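Below is input05.cif, holding mmCIF, C-alpha atoms; chains and numbers go by the auth columns.
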data_query
loop_
_atom_site.group_PDB
_atom_site.id
_atom_site.type_symbol
_atom_site.label_atom_id
_atom_site.label_comp_id
_atom_site.label_asym_id
_atom_site.label_seq_id
_atom_site.Cartn_x
_atom_site.Cartn_y
_atom_site.Cartn_z
_atom_site.B_iso_or_equiv
_atom_site.auth_seq_id
_atom_site.auth_asym_id
ATOM 1 C CA MET A 1 0.000 0.000 0.000 0.00 1 A
ATOM 2 C CA SER A 2 1.331 3.357 -0.984 0.00 2 A
ATOM 3 C CA ASN A 3 2.018 5.928 1.719 0.00 3 A
ATOM 4 C CA ARG A 4 0.590 8.798 -0.319 0.00 4 A
ATOM 5 C CA PHE A 5 -2.217 9.879 -2.570 0.00 5 A
ATOM 6 C CA LEU A 6 -2.032 7.964 -5.812 0.00 6 A
ATOM 7 C CA THR A 7 -2.600 9.677 -9.113 0.00 7 A
ATOM 8 C CA PRO A 8 -5.471 8.579 -11.346 0.00 8 A
ATOM 9 C CA LYS A 9 -2.817 7.297 -13.772 0.00 9 A
ATOM 10 C CA GLU A 10 -1.382 4.956 -11.107 0.00 10 A
ATOM 11 C CA ILE A 11 -4.830 3.682 -10.162 0.00 11 A
ATOM 12 C CA VAL A 12 -6.150 3.223 -13.718 0.00 12 A
ATOM 13 C CA ALA A 13 -2.938 1.384 -14.663 0.00 13 A
ATOM 14 C CA GLN A 14 -4.206 -1.418 -12.396 0.00 14 A
ATOM 15 C CA PHE A 15 -7.508 -1.777 -14.313 0.00 15 A
ATOM 16 C CA PRO A 16 -7.940 -4.518 -16.924 0.00 16 A
ATOM 17 C CA LEU A 17 -8.718 -2.057 -19.724 0.00 17 A
ATOM 18 C CA ASN A 18 -7.903 -2.650 -23.367 0.00 18 A
ATOM 19 C CA GLN A 19 -8.042 -0.505 -26.490 0.00 19 A
ATOM 20 C CA GLY A 20 -11.648 -0.316 -27.673 0.00 20 A
ATOM 21 C CA ALA A 21 -13.232 -0.806 -24.246 0.00 21 A
ATOM 22 C CA THR A 22 -16.301 1.121 -23.121 0.00 22 A
ATOM 23 C CA VAL A 23 -16.138 2.662 -19.655 0.00 23 A
ATOM 24 C CA ALA A 24 -18.602 4.436 -17.363 0.00 24 A
ATOM 25 C CA ASP A 25 -17.093 6.806 -14.802 0.00 25 A
ATOM 26 C CA PHE A 26 -19.652 7.338 -12.013 0.00 26 A
ATOM 27 C CA GLY A 27 -19.042 10.627 -10.218 0.00 27 A
ATOM 28 C CA SER A 28 -16.445 11.820 -12.696 0.00 28 A
ATOM 29 C CA GLY A 29 -16.191 15.319 -11.294 0.00 29 A
ATOM 30 C CA ALA A 30 -13.752 17.344 -13.397 0.00 30 A
ATOM 31 C CA GLY A 31 -12.635 14.130 -15.094 0.00 31 A
ATOM 32 C CA ASP A 32 -9.225 13.235 -13.692 0.00 32 A
ATOM 33 C CA PHE A 33 -9.964 9.503 -13.995 0.00 33 A
ATOM 34 C CA ALA A 34 -12.024 9.832 -17.199 0.00 34 A
ATOM 35 C CA LEU A 35 -9.131 11.508 -19.004 0.00 35 A
ATOM 36 C CA VAL A 36 -6.700 8.728 -18.048 0.00 36 A
ATOM 37 C CA MET A 37 -9.202 6.003 -18.970 0.00 37 A
ATOM 38 C CA ALA A 38 -9.852 7.718 -22.327 0.00 38 A
ATOM 39 C CA GLU A 39 -6.151 7.502 -23.087 0.00 39 A
ATOM 40 C CA LYS A 40 -6.048 3.829 -22.085 0.00 40 A
ATOM 41 C CA VAL A 41 -9.055 2.740 -24.198 0.00 41 A
ATOM 42 C CA GLY A 42 -7.851 4.737 -27.200 0.00 42 A
ATOM 43 C CA LEU A 43 -9.834 6.289 -30.012 0.00 43 A
ATOM 44 C CA SER A 44 -11.703 3.045 -30.633 0.00 44 A
ATOM 45 C CA GLY A 45 -12.919 3.090 -27.020 0.00 45 A
ATOM 46 C CA ARG A 46 -15.426 5.291 -25.232 0.00 46 A
ATOM 47 C CA VAL A 47 -15.656 6.865 -21.779 0.00 47 A
ATOM 48 C CA PHE A 48 -19.009 8.017 -20.441 0.00 48 A
ATOM 49 C CA ALA A 49 -18.302 10.460 -17.606 0.00 49 A
ATOM 50 C CA PHE A 50 -21.296 10.979 -15.302 0.00 50 A
ATOM 51 C CA ASP A 51 -21.745 13.702 -12.754 0.00 51 A
ATOM 52 C CA ILE A 52 -24.680 15.535 -11.244 0.00 52 A
ATOM 53 C CA LEU A 53 -22.920 18.917 -11.514 0.00 53 A
ATOM 54 C CA GLU A 54 -22.808 20.658 -14.878 0.00 54 A
ATOM 55 C CA SER A 55 -19.875 22.810 -13.704 0.00 55 A
ATOM 56 C CA ALA A 56 -17.732 19.683 -13.181 0.00 56 A
ATOM 57 C CA LEU A 57 -18.671 18.356 -16.611 0.00 57 A
ATOM 58 C CA GLN A 58 -17.848 21.691 -18.230 0.00 58 A
ATOM 59 C CA SER A 59 -14.395 21.517 -16.679 0.00 59 A
ATOM 60 C CA LEU A 60 -14.003 17.992 -18.091 0.00 60 A
ATOM 61 C CA ARG A 61 -15.092 19.161 -21.554 0.00 61 A
ATOM 62 C CA SER A 62 -12.414 21.874 -21.483 0.00 62 A
ATOM 63 C CA LYS A 63 -9.678 19.483 -20.332 0.00 63 A
ATOM 64 C CA ALA A 64 -10.683 16.852 -22.899 0.00 64 A
ATOM 65 C CA LYS A 65 -10.574 19.426 -25.684 0.00 65 A
ATOM 66 C CA LEU A 66 -7.155 20.715 -24.572 0.00 66 A
ATOM 67 C CA GLN A 67 -5.774 17.166 -24.402 0.00 67 A
ATOM 68 C CA GLY A 68 -7.345 16.130 -27.703 0.00 68 A
ATOM 69 C CA HIS A 69 -9.648 13.445 -26.280 0.00 69 A
ATOM 70 C CA THR A 70 -12.622 12.949 -28.571 0.00 70 A
ATOM 71 C CA ASN A 71 -13.717 9.676 -26.967 0.00 71 A
ATOM 72 C CA ILE A 72 -15.211 11.140 -23.759 0.00 72 A
ATOM 73 C CA ASP A 73 -18.924 11.814 -23.375 0.00 73 A
ATOM 74 C CA PRO A 74 -19.616 14.006 -20.309 0.00 74 A
ATOM 75 C CA VAL A 75 -23.193 13.332 -19.153 0.00 75 A
ATOM 76 C CA MET A 76 -25.161 15.119 -16.458 0.00 76 A
ATOM 77 C CA ALA A 77 -27.108 12.408 -14.649 0.00 77 A
ATOM 78 C CA ASP A 78 -28.651 11.368 -11.356 0.00 78 A
ATOM 79 C CA LEU A 79 -27.220 7.888 -10.911 0.00 79 A
ATOM 80 C CA GLU A 80 -29.481 7.246 -7.914 0.00 80 A
ATOM 81 C CA ALA A 81 -32.510 7.346 -10.239 0.00 81 A
ATOM 82 C CA PRO A 82 -33.656 4.183 -12.048 0.00 82 A
ATOM 83 C CA LYS A 83 -31.726 3.903 -15.344 0.00 83 A
ATOM 84 C CA GLY A 84 -30.049 7.187 -14.375 0.00 84 A
ATOM 85 C CA SER A 85 -27.097 6.752 -16.749 0.00 85 A
ATOM 86 C CA MET A 86 -29.458 6.338 -19.715 0.00 86 A
ATOM 87 C CA LEU A 87 -27.031 3.756 -21.166 0.00 87 A
ATOM 88 C CA PRO A 88 -28.352 0.468 -22.561 0.00 88 A
ATOM 89 C CA ASP A 89 -28.246 -2.711 -20.482 0.00 89 A
ATOM 90 C CA ASP A 90 -25.008 -4.738 -20.746 0.00 90 A
ATOM 91 C CA SER A 91 -23.189 -1.989 -22.663 0.00 91 A
ATOM 92 C CA VAL A 92 -19.950 -1.228 -20.787 0.00 92 A
ATOM 93 C CA ASP A 93 -16.818 -3.205 -19.989 0.00 93 A
ATOM 94 C CA LEU A 94 -15.907 -1.357 -16.797 0.00 94 A
ATOM 95 C CA VAL A 95 -17.771 0.877 -14.366 0.00 95 A
ATOM 96 C CA MET A 96 -15.696 3.005 -12.025 0.00 96 A
ATOM 97 C CA ILE A 97 -17.246 4.325 -8.822 0.00 97 A
ATOM 98 C CA HIS A 98 -14.922 6.635 -6.947 0.00 98 A
ATOM 99 C CA ASN A 99 -15.425 8.891 -3.969 0.00 99 A
ATOM 100 C CA ILE A 100 -19.191 9.195 -4.384 0.00 100 A
ATOM 101 C CA ILE A 101 -20.637 6.468 -2.173 0.00 101 A
ATOM 102 C CA PHE A 102 -20.179 8.614 0.941 0.00 102 A
ATOM 103 C CA GLN A 103 -22.120 11.417 -0.772 0.00 103 A
ATOM 104 C CA VAL A 104 -25.233 9.538 -1.861 0.00 104 A
ATOM 105 C CA ASP A 105 -28.227 8.539 0.198 0.00 105 A
ATOM 106 C CA ASN A 106 -29.281 5.607 -1.963 0.00 106 A
ATOM 107 C CA LYS A 107 -26.053 3.640 -2.320 0.00 107 A
ATOM 108 C CA LYS A 108 -27.865 0.532 -3.553 0.00 108 A
ATOM 109 C CA ASN A 109 -29.352 2.363 -6.549 0.00 109 A
ATOM 110 C CA ILE A 110 -25.845 3.339 -7.676 0.00 110 A
ATOM 111 C CA LEU A 111 -24.851 -0.344 -7.593 0.00 111 A
ATOM 112 C CA ILE A 112 -28.071 -1.418 -9.326 0.00 112 A
ATOM 113 C CA GLU A 113 -27.334 1.036 -12.143 0.00 113 A
ATOM 114 C CA ALA A 114 -23.719 -0.147 -12.433 0.00 114 A
ATOM 115 C CA ASN A 115 -24.906 -3.758 -12.532 0.00 115 A
ATOM 116 C CA ARG A 116 -27.508 -2.985 -15.200 0.00 116 A
ATOM 117 C CA ILE A 117 -25.096 -1.382 -17.677 0.00 117 A
ATOM 118 C CA LEU A 118 -22.124 -3.676 -17.060 0.00 118 A
ATOM 119 C CA LYS A 119 -21.531 -6.445 -19.598 0.00 119 A
ATOM 120 C CA PRO A 120 -21.461 -10.038 -18.343 0.00 120 A
ATOM 121 C CA GLU A 121 -18.068 -10.622 -16.714 0.00 121 A
ATOM 122 C CA GLY A 122 -17.428 -6.864 -16.772 0.00 122 A
ATOM 123 C CA ILE A 123 -15.478 -5.122 -14.019 0.00 123 A
ATOM 124 C CA LEU A 124 -16.757 -2.823 -11.292 0.00 124 A
ATOM 125 C CA ALA A 125 -13.867 -0.720 -9.974 0.00 125 A
ATOM 126 C CA VAL A 126 -14.487 0.897 -6.583 0.00 126 A
ATOM 127 C CA VAL A 127 -12.189 3.474 -4.988 0.00 127 A
ATOM 128 C CA GLU A 128 -13.513 4.991 -1.771 0.00 128 A
ATOM 129 C CA TRP A 129 -12.260 6.756 1.355 0.00 129 A
ATOM 130 C CA ASP A 130 -10.863 4.398 3.984 0.00 130 A
ATOM 131 C CA VAL A 131 -12.795 4.696 7.249 0.00 131 A
ATOM 132 C CA SER A 132 -9.549 5.110 9.221 0.00 132 A
ATOM 133 C CA SER A 133 -8.162 7.917 7.055 0.00 133 A
ATOM 134 C CA PRO A 134 -7.401 11.056 9.082 0.00 134 A
ATOM 135 C CA ILE A 135 -8.497 13.205 6.122 0.00 135 A
ATOM 136 C CA GLY A 136 -11.527 13.135 3.881 0.00 136 A
ATOM 137 C CA PRO A 137 -15.280 13.315 4.388 0.00 137 A
ATOM 138 C CA LEU A 138 -16.968 12.881 7.768 0.00 138 A
ATOM 139 C CA GLN A 139 -16.214 9.428 9.166 0.00 139 A
ATOM 140 C CA ASP A 140 -19.887 8.557 9.685 0.00 140 A
ATOM 141 C CA ARG A 141 -20.574 9.128 5.958 0.00 141 A
ATOM 142 C CA ARG A 142 -17.892 6.688 4.739 0.00 142 A
ATOM 143 C CA ILE A 143 -18.531 3.046 3.967 0.00 143 A
ATOM 144 C CA SER A 144 -16.006 0.481 5.110 0.00 144 A
ATOM 145 C CA GLU A 145 -14.300 -1.857 2.674 0.00 145 A
ATOM 146 C CA LYS A 146 -16.064 -4.773 4.364 0.00 146 A
ATOM 147 C CA ASP A 147 -19.528 -3.169 4.079 0.00 147 A
ATOM 148 C CA MET A 148 -18.885 -2.110 0.483 0.00 148 A
ATOM 149 C CA THR A 149 -17.813 -5.621 -0.471 0.00 149 A
ATOM 150 C CA SER A 150 -20.822 -7.142 1.263 0.00 150 A
ATOM 151 C CA MET A 151 -23.152 -4.804 -0.620 0.00 151 A
ATOM 152 C CA VAL A 152 -21.446 -5.374 -4.011 0.00 152 A
ATOM 153 C CA LEU A 153 -21.314 -9.168 -3.641 0.00 153 A
ATOM 154 C CA SER A 154 -25.082 -9.208 -3.059 0.00 154 A
ATOM 155 C CA TYR A 155 -25.434 -8.130 -6.738 0.00 155 A
ATOM 156 C CA GLU A 156 -23.741 -11.215 -8.197 0.00 156 A
ATOM 157 C CA TYR A 157 -20.115 -10.163 -8.253 0.00 157 A
ATOM 158 C CA GLU A 158 -16.936 -11.773 -7.042 0.00 158 A
ATOM 159 C CA ILE A 159 -13.757 -10.065 -5.928 0.00 159 A
ATOM 160 C CA GLU A 160 -11.317 -9.958 -8.825 0.00 160 A
ATOM 161 C CA ARG A 161 -8.567 -8.352 -6.729 0.00 161 A
ATOM 162 C CA LYS A 162 -7.703 -5.448 -4.478 0.00 162 A
ATOM 163 C CA ILE A 163 -5.754 -2.579 -5.963 0.00 163 A
ATOM 164 C CA ASP A 164 -3.396 -0.048 -4.417 0.00 164 A
ATOM 165 C CA ALA A 165 -5.410 3.146 -4.009 0.00 165 A
ATOM 166 C CA GLY A 166 -2.967 4.882 -1.673 0.00 166 A
ATOM 167 C CA LYS A 167 -2.880 5.586 2.031 0.00 167 A
ATOM 168 C CA TYR A 168 -6.301 7.236 2.339 0.00 168 A
ATOM 169 C CA HIS A 169 -8.492 5.075 0.099 0.00 169 A
ATOM 170 C CA TYR A 170 -9.213 1.449 -0.621 0.00 170 A
ATOM 171 C CA GLY A 171 -9.648 0.014 -4.096 0.00 171 A
ATOM 172 C CA ILE A 172 -11.291 -3.201 -5.212 0.00 172 A
ATOM 173 C CA LEU A 173 -12.038 -4.668 -8.628 0.00 173 A
ATOM 174 C CA TYR A 174 -15.171 -6.831 -8.708 0.00 174 A
ATOM 175 C CA LYS A 175 -16.078 -9.108 -11.603 0.00 175 A
ATOM 176 C CA SER A 176 -19.714 -9.475 -12.661 0.00 176 A
ATOM 177 C CA LEU A 177 -20.948 -13.069 -12.578 0.00 177 A
ATOM 178 C CA VAL A 178 -23.982 -12.427 -14.769 0.00 178 A
#

Before we go any further, please render this structure as structure tokens.
Amino acid sequence: MSNRFLTPKEIVAQFPLNQGATVADFGSGAGDFALVMAEKVGLSGRVFAFDILESALQSLRSKAKLQGHTNIDPVMADLEAPKGSMLPDDSVDLVMIHNIIFQVDNKKNILIEANRILKPEGILAVVEWDVSSPIGPLQDRRISEKDMTSMVLSYEYEIERKIDAGKYHYGILYKSLV
């Protein structure tokens, strides 16, 4: 485990992503992870970057344009709503959920939406604040690695492997069994 914050590039390097893959970035914010994933999946791939804030998506649009990424689709969406991503069922290879679970009231709906759009045997990548981290959101809003795994496994996933997400976060790759 790293003793520092890891960059999105270091985290995404641990994902099983190939050229041509389709990715959904849940809670993309200004797109730090989306930009790295767009590079990794190449021009034949696609990154759908979801956030509830238009200002964050506008920042991502600007960064993508400056970096020459034409394979990112910033989408304003409420991922807690049924079919909130508006993507078709079984349409993405990897869903990344990072640093949003502590912010949402209906955590299960986020996982239901990820499960719906993920292809069979697709990967759910979760990076969240560690409950013991001295920095970050309020402790009572965080979800422990154990509770997160319990919730995810109830949706027909298995643990693919843990990833190094730095000193303040945990990271887990789950594989869809359906």

Note to self: For a quick check of understanding, using only C-alpha atoms, which of A:Ser154, A:Ser133, A:Asn115, A:Ser44 has the smallest distance to Met96 of chain A?
What the structure shows: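 Of A:Ser154, A:Ser133, A:Asn115, A:Ser44, the one nearest Met96 of chain A, counting only C-alpha atoms, is A:Asn115.
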
Next item on the list: Could you tell me which of A:Asp147, A:Glu10, A:Asp89, A:Glu80 comes closest to Ile110 of chain A if we count all atoms listed in the file?
Entry: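 Ranking A:Asp147, A:Glu10, A:Asp89, A:Glu80 by distance to Ile110 of chain A, first place goes to A:Glu80.
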
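Excluding Met76 of chain A itself and any same-chain residue fewer than 5 positions from it, the protein and nucleic acid residues within 6 Å of it, counting only C-alpha atoms, are Phe50, Asp51 and Ile52 of chain A.
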
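What separates atom CA of Phe5 of chain A from atom CA of Ser150 of chain A is a distance of 25.5 Å.
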
Margin query: Expand the PyMOL selection byres ((chain A and resi 88) around 12) into the explicit residue set it covers here, and present it as a list in words.
Written below: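 The output of the PyMOL selection byres ((chain A and resi 88) around 12) on this file is Ala24, Lys83, Gly84, Ser85, Met86, Leu87, Asp89, Asp90, Ser91, Val92, Glu113, Ala114, Asn115, Arg116, Ile117, Leu118 and Lys119 of chain A.
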
Let's have the selection written as a PDB file, in the frame of the given file, with C-alpha atoms.
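What landed in out.pdb:
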ATOM      1  CA  ALA A  24     -18.602   4.436 -17.363  1.00  0.00           C
ATOM      2  CA  LYS A  83     -31.726   3.903 -15.344  1.00  0.00           C
ATOM      3  CA  GLY A  84     -30.049   7.187 -14.375  1.00  0.00           C
ATOM      4  CA  SER A  85     -27.097   6.752 -16.749  1.00  0.00           C
ATOM      5  CA  MET A  86     -29.458   6.338 -19.715  1.00  0.00           C
ATOM      6  CA  LEU A  87     -27.031   3.756 -21.166  1.00  0.00           C
ATOM      7  CA  ASP A  89     -28.246  -2.711 -20.482  1.00  0.00           C
ATOM      8  CA  ASP A  90     -25.008  -4.738 -20.746  1.00  0.00           C
ATOM      9  CA  SER A  91     -23.189  -1.989 -22.663  1.00  0.00           C
ATOM     10  CA  VAL A  92     -19.950  -1.228 -20.787  1.00  0.00           C
ATOM     11  CA  GLU A 113     -27.334   1.036 -12.143  1.00  0.00           C
ATOM     12  CA  ALA A 114     -23.719  -0.147 -12.433  1.00  0.00           C
ATOM     13  CA  ASN A 115     -24.906  -3.758 -12.532  1.00  0.00           C
ATOM     14  CA  ARG A 116     -27.508  -2.985 -15.200  1.00  0.00           C
ATOM     15  CA  ILE A 117     -25.096  -1.382 -17.677  1.00  0.00           C
ATOM     16  CA  LEU A 118     -22.124  -3.676 -17.060  1.00  0.00           C
ATOM     17  CA  LYS A 119     -21.531  -6.445 -19.598  1.00  0.00           C
TER      18      LYS A 119
END

Notebook entry, point to check: From the list A:Leu177, A:Ile143, A:Val47, A:Val75, which residue is nearest Val104 of chain A when using all atoms listed in the file?
Noted result: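 For Val104 of chain A, the nearest of the given residues is A:Ile143.
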
Margin query: Here is a test: counting all atoms listed in the file, which residue of A:Ala49, A:Val12, A:Ala81, A:Leu57 is nearest to Met37 of chain A?
Written below: A:Val12

Write out N, CA and C atoms for segment 125-151 of chain A, as an mmCIF file, keeping the file's coordinate frame.
data_model
loop_
_atom_site.group_PDB
_atom_site.id
_atom_site.type_symbol
_atom_site.label_atom_id
_atom_site.label_comp_id
_atom_site.auth_asym_id
_atom_site.auth_seq_id
_atom_site.Cartn_x
_atom_site.Cartn_y
_atom_site.Cartn_z
ATOM 1 N N ALA A 125 -15.033 -1.228 -10.700
ATOM 2 C CA ALA A 125 -13.867 -0.720 -9.974
ATOM 3 C C ALA A 125 -14.348 0.290 -8.934
ATOM 4 N N VAL A 126 -14.061 0.017 -7.671
ATOM 5 C CA VAL A 126 -14.487 0.897 -6.583
ATOM 6 C C VAL A 126 -13.257 1.462 -5.883
ATOM 7 N N VAL A 127 -13.216 2.785 -5.765
ATOM 8 C CA VAL A 127 -12.189 3.474 -4.988
ATOM 9 C C VAL A 127 -12.936 4.426 -4.057
ATOM 10 N N GLU A 128 -12.802 4.183 -2.761
ATOM 11 C CA GLU A 128 -13.513 4.991 -1.771
ATOM 12 C C GLU A 128 -12.602 5.330 -0.606
ATOM 13 N N TRP A 129 -13.013 6.327 0.183
ATOM 14 C CA TRP A 129 -12.260 6.756 1.355
ATOM 15 C C TRP A 129 -12.211 5.651 2.393
ATOM 16 N N ASP A 130 -11.027 5.355 2.894
ATOM 17 C CA ASP A 130 -10.863 4.398 3.984
ATOM 18 C C ASP A 130 -11.453 5.000 5.252
ATOM 19 N N VAL A 131 -12.150 4.175 6.036
ATOM 20 C CA VAL A 131 -12.795 4.696 7.249
ATOM 21 C C VAL A 131 -11.788 5.192 8.275
ATOM 22 N N SER A 132 -10.560 4.699 8.232
ATOM 23 C CA SER A 132 -9.549 5.110 9.221
ATOM 24 C C SER A 132 -8.707 6.300 8.764
ATOM 25 N N SER A 133 -8.938 6.795 7.561
ATOM 26 C CA SER A 133 -8.162 7.917 7.055
ATOM 27 C C SER A 133 -8.371 9.157 7.920
ATOM 28 N N PRO A 134 -7.263 9.844 8.272
ATOM 29 C CA PRO A 134 -7.401 11.056 9.082
ATOM 30 C C PRO A 134 -7.918 12.256 8.280
ATOM 31 N N ILE A 135 -7.966 12.135 6.975
ATOM 32 C CA ILE A 135 -8.497 13.205 6.122
ATOM 33 C C ILE A 135 -9.651 12.657 5.308
ATOM 34 N N GLY A 136 -10.421 13.553 4.718
ATOM 35 C CA GLY A 136 -11.527 13.135 3.881
ATOM 36 C C GLY A 136 -12.864 13.538 4.457
ATOM 37 N N PRO A 137 -13.940 12.959 3.933
ATOM 38 C CA PRO A 137 -15.280 13.315 4.388
ATOM 39 C C PRO A 137 -15.519 12.848 5.828
ATOM 40 N N LEU A 138 -16.614 13.293 6.414
ATOM 41 C CA LEU A 138 -16.968 12.881 7.768
ATOM 42 C C LEU A 138 -16.950 11.363 7.881
ATOM 43 N N GLN A 139 -16.374 10.880 8.966
ATOM 44 C CA GLN A 139 -16.214 9.428 9.166
ATOM 45 C C GLN A 139 -17.545 8.688 9.098
ATOM 46 N N ASP A 140 -18.607 9.274 9.661
ATOM 47 C CA ASP A 140 -19.887 8.557 9.685
ATOM 48 C C ASP A 140 -20.560 8.487 8.317
ATOM 49 N N ARG A 141 -20.034 9.197 7.317
ATOM 50 C CA ARG A 141 -20.574 9.128 5.958
ATOM 51 C C ARG A 141 -19.864 8.073 5.106
ATOM 52 N N ARG A 142 -18.686 7.657 5.523
ATOM 53 C CA ARG A 142 -17.892 6.688 4.739
ATOM 54 C C ARG A 142 -18.465 5.284 4.876
ATOM 55 N N ILE A 143 -18.132 4.447 3.914
ATOM 56 C CA ILE A 143 -18.531 3.046 3.967
ATOM 57 C C ILE A 143 -17.257 2.207 4.008
ATOM 58 N N SER A 144 -17.206 1.294 4.943
ATOM 59 C CA SER A 144 -16.006 0.481 5.110
ATOM 60 C C SER A 144 -15.829 -0.457 3.916
ATOM 61 N N GLU A 145 -14.608 -0.898 3.742
ATOM 62 C CA GLU A 145 -14.300 -1.857 2.674
ATOM 63 C C GLU A 145 -15.133 -3.121 2.846
ATOM 64 N N LYS A 146 -15.278 -3.564 4.083
ATOM 65 C CA LYS A 146 -16.064 -4.773 4.364
ATOM 66 C C LYS A 146 -17.536 -4.576 3.998
ATOM 67 N N ASP A 147 -18.119 -3.434 4.397
ATOM 68 C CA ASP A 147 -19.528 -3.169 4.079
ATOM 69 C C ASP A 147 -19.735 -2.971 2.584
ATOM 70 N N MET A 148 -18.790 -2.301 1.931
ATOM 71 C CA MET A 148 -18.885 -2.110 0.483
ATOM 72 C C MET A 148 -18.862 -3.459 -0.226
ATOM 73 N N THR A 149 -17.918 -4.301 0.159
ATOM 74 C CA THR A 149 -17.813 -5.621 -0.471
ATOM 75 C C THR A 149 -19.066 -6.442 -0.236
ATOM 76 N N SER A 150 -19.594 -6.412 0.959
ATOM 77 C CA SER A 150 -20.822 -7.142 1.263
ATOM 78 C C SER A 150 -21.967 -6.667 0.365
ATOM 79 N N MET A 151 -22.086 -5.365 0.217
ATOM 80 C CA MET A 151 -23.152 -4.804 -0.620
ATOM 81 C C MET A 151 -22.947 -5.201 -2.087
#
